[in-house]
Amino acid sequence: MAAPARVTLADIYRAHERILPYIHMTPVFTNSTFDKRIGRNAFFKAENLQKTGSFKARGALNAVSNLRDTYISARPVSTVIALKERNPDVPGVVTHSTGNHGQALAWAAKTVGLRCAVIVPHDTPQVKKDAISSYGAELVLCEPTPQSRQETCDKIAKEQGLEFIPPFDYNDVIAGQGTIAMELLKQAPDLDAILVPVSGGGMSSGIAIAAKAIKPGIKIYLVEAEGKMCEKSLRAGERLWPNPPQFVDTIADAIRTQQLGHVTWPILLNHAEKDVFSVNDEDMIKGMKFAFQRMKLVIEAASGAAVAAAMSDKLAGMDKEMKNIGVILCGGNVDIEKLPW
């Protein structure tokens, strides 16, 4: 696991330069019906249209590209050209994921020519498992617990000599996810706040670092699945989650990790608002349906949580001067044969 060194805006700019030739600069959508409904202006950053169907492509590609380049730069000059062409000695990568990071890492590894193995809980949606395999990665199933994910990942890494790329607690991943905020604040520079779905905290940490550096007065609000307990921990200023780590019971498989990461926790404690939007399954479905029906966008439940937060009574009761709200549609990898409604 990466040491908790600080990720800076400069790291995020470098990450953007590194990944931009391969990713989409995703569009920002608005919807007048939605704006009238919430009494504010909402700007939807459509990472559901990103490579592999989620924001995770950014962090994964930054991580594997940096790993590859670092390894190559340490090799004798005589082998550099061969390594750049076929990467025979660069270690492959492995991770555990509920699906989106796994897809992203498989795609990123294929993009730069590295081997990849992905450990996923056996109850991960089939559409996500199929996508991981389609990118050429080795798919390994485990029990649906954080402990089983990590233990299986450690075993595969040791057996195959692979480099572990965590889903969130990794500086290059955090820097890659921070590029979302760089783009969003160019596309919608007058934002007062951003609503960000949160699981382990890689995306929210990256967005918080970038957004606060570019526009110090902006507010970063976390959007969690009900039962995650982020607000309680943030207000207390300490990690209050029960151990061992567990998943929360939610339809949003992408944000069911209960605890924030150990690298991401201090970042969010410093940069995120203490008010957290906690969203239940019913409201996530309402958010999904609005995007499907009124915006013609396919989003998954974690994105639906952000839409629901924007429609919530909690936001309605907040400062009316907070007029322009960024909403991160983090992914669109939903199984259309098994929609949650």
# chains A, B, ... in the order shown; residues from 1 in each chain; ligands from 1

$ residues_around --residues "Met229 (chain A)" --least-positions-apart "3" --cutoff "12 Å" --atoms "only C-alpha atoms" --output "ChimeraX atom specification"
/A:198-199,222-226,232-236,238-242,247-248,256-260,274-279

$ residues_around --residues "Ala106 (chain A)" --least-positions-apart "5" --cutoff "12 Å" --atoms "only C-alpha atoms" --output "PDB file with C-alpha atoms, in the first residue's frame"
ATOM      1  CA  LYS A  51     -13.552   4.533 -21.021  1.00  0.00           C
ATOM      2  CA  THR A  52     -14.661   1.265 -19.333  1.00  0.00           C
ATOM      3  CA  LYS A  56     -11.862   4.502 -12.585  1.00  0.00           C
ATOM      4  CA  ALA A  57     -10.082   4.496 -15.965  1.00  0.00           C
ATOM      5  CA  ALA A  60      -5.883   3.026 -13.173  1.00  0.00           C
ATOM      6  CA  LEU A  61      -4.184   4.317 -16.316  1.00  0.00           C
ATOM      7  CA  VAL A  64       0.035   1.554 -14.536  1.00  0.00           C
ATOM      8  CA  GLY A  92       2.127  -7.170 -14.295  1.00  0.00           C
ATOM      9  CA  VAL A  93      -0.549  -5.770 -12.014  1.00  0.00           C
ATOM     10  CA  VAL A  94      -3.242  -7.161  -9.755  1.00  0.00           C
ATOM     11  CA  THR A  95      -6.101  -5.656  -7.818  1.00  0.00           C
ATOM     12  CA  HIS A  96      -9.337  -6.437  -6.019  1.00  0.00           C
ATOM     13  CA  SER A  97     -12.524  -4.685  -7.042  1.00  0.00           C
ATOM     14  CA  GLY A  99     -16.018  -4.328 -10.760  1.00  0.00           C
ATOM     15  CA  ASN A 100     -15.300  -0.799 -11.949  1.00  0.00           C
ATOM     16  CA  HIS A 101     -11.674  -0.553 -10.790  1.00  0.00           C
ATOM     17  CA  THR A 111      -3.308  -0.259 -23.094  1.00  0.00           C
ATOM     18  CA  VAL A 112       0.316  -0.201 -21.878  1.00  0.00           C
ATOM     19  CA  GLY A 113       1.043  -3.886 -22.505  1.00  0.00           C
ATOM     20  CA  LEU A 114       1.088  -5.369 -18.991  1.00  0.00           C
ATOM     21  CA  ARG A 115      -0.360  -8.575 -17.589  1.00  0.00           C
ATOM     22  CA  CYS A 116      -3.300  -8.151 -15.230  1.00  0.00           C
ATOM     23  CA  ALA A 117      -5.281 -10.205 -12.716  1.00  0.00           C
ATOM     24  CA  VAL A 118      -8.445  -8.958 -11.007  1.00  0.00           C
ATOM     25  CA  ILE A 119     -10.042 -10.393  -7.877  1.00  0.00           C
ATOM     26  CA  LYS A 128     -18.757  -6.210 -14.884  1.00  0.00           C
ATOM     27  CA  LYS A 129     -17.118  -9.637 -14.688  1.00  0.00           C
ATOM     28  CA  ASP A 130     -17.571 -10.139 -18.432  1.00  0.00           C
ATOM     29  CA  ALA A 131     -16.038  -6.737 -19.150  1.00  0.00           C
ATOM     30  CA  ILE A 132     -12.944  -7.517 -17.062  1.00  0.00           C
ATOM     31  CA  SER A 133     -12.412 -10.739 -18.973  1.00  0.00           C
ATOM     32  CA  SER A 134     -12.982  -9.009 -22.309  1.00  0.00           C
ATOM     33  CA  TYR A 135      -9.940  -6.793 -21.692  1.00  0.00           C
ATOM     34  CA  GLY A 136      -7.757  -9.877 -21.367  1.00  0.00           C
ATOM     35  CA  ALA A 137      -7.317  -9.912 -17.596  1.00  0.00           C
ATOM     36  CA  GLU A 138      -7.350 -13.039 -15.473  1.00  0.00           C
ATOM     37  CA  LEU A 139     -10.561 -13.037 -13.407  1.00  0.00           C
ATOM     38  CA  ILE A 165      -2.659  -1.444  -7.554  1.00  0.00           C
TER      39      ILE A 165
END

$ select_by_dssp --residues "region 96-164 of chain A" --states "strand (DSSP E)" --output "list in words"
His96, Cys116, Ala117, Val118, Ile119, Val120, Pro121, Glu138, Leu139, Val140, Leu141, Cys142, Glu163 and Phe164 of chain A

$ write_last_selection --atoms "C-alpha atoms" --output "mmCIF file, in the first residue's frame"
data_model
loop_
_atom_site.group_PDB
_atom_site.id
_atom_site.type_symbol
_atom_site.label_atom_id
_atom_site.label_comp_id
_atom_site.auth_asym_id
_atom_site.auth_seq_id
_atom_site.Cartn_x
_atom_site.Cartn_y
_atom_site.Cartn_z
ATOM 1 C CA HIS A 96 -9.337 -6.437 -6.019
ATOM 2 C CA CYS A 116 -3.300 -8.151 -15.230
ATOM 3 C CA ALA A 117 -5.281 -10.205 -12.716
ATOM 4 C CA VAL A 118 -8.445 -8.958 -11.007
ATOM 5 C CA ILE A 119 -10.042 -10.393 -7.877
ATOM 6 C CA VAL A 120 -13.787 -9.755 -7.623
ATOM 7 C CA PRO A 121 -16.493 -10.925 -5.187
ATOM 8 C CA GLU A 138 -7.350 -13.039 -15.473
ATOM 9 C CA LEU A 139 -10.561 -13.037 -13.407
ATOM 10 C CA VAL A 140 -10.372 -14.572 -9.927
ATOM 11 C CA LEU A 141 -13.489 -14.891 -7.752
ATOM 12 C CA CYS A 142 -13.525 -14.507 -3.972
ATOM 13 C CA GLU A 163 2.326 -5.366 -8.483
ATOM 14 C CA PHE A 164 -0.735 -4.536 -6.392
#

$ select_by_dssp --residues "region 100-221 of chain A" --states "helix (DSSP H, G or I)" --output "PyMOL selection string"
chain A and resi 100-112+126-134+146-160+171-187+202-214

$ closest_atom_pairs --of "region 151-257 of chain A" --to "region 314-322 of chain A" --cutoff "10 Å" --atoms "only C-alpha atoms" --output "tab-separated table"
residue	atom	partner	partner_atom	distance
A:Leu191	CA	A:Met322	CA	8.4
A:Asp192	CA	A:Met322	CA	5.5
A:Ala193	CA	A:Met322	CA	7.1
A:Ile218	CA	A:Met322	CA	9.5
A:Lys219	CA	A:Met322	CA	9.2

$ write_last_selection --atoms "C-alpha atoms" --output "mmCIF file, in the first residue's frame"
data_model
loop_
_atom_site.group_PDB
_atom_site.id
_atom_site.type_symbol
_atom_site.label_atom_id
_atom_site.label_comp_id
_atom_site.auth_asym_id
_atom_site.auth_seq_id
_atom_site.Cartn_x
_atom_site.Cartn_y
_atom_site.Cartn_z
ATOM 1 C CA LEU A 191 -19.373 25.926 -9.223
ATOM 2 C CA ASP A 192 -20.054 26.492 -5.535
ATOM 3 C CA ALA A 193 -20.058 22.820 -4.519
ATOM 4 C CA ILE A 218 -15.656 25.427 -3.172
ATOM 5 C CA LYS A 219 -17.415 22.842 -0.980
#

$ atom_distance --atom1 "CA of Thr264 (chain A)" --atom2 "CA of Asn62 (chain A)"
17.2 Å
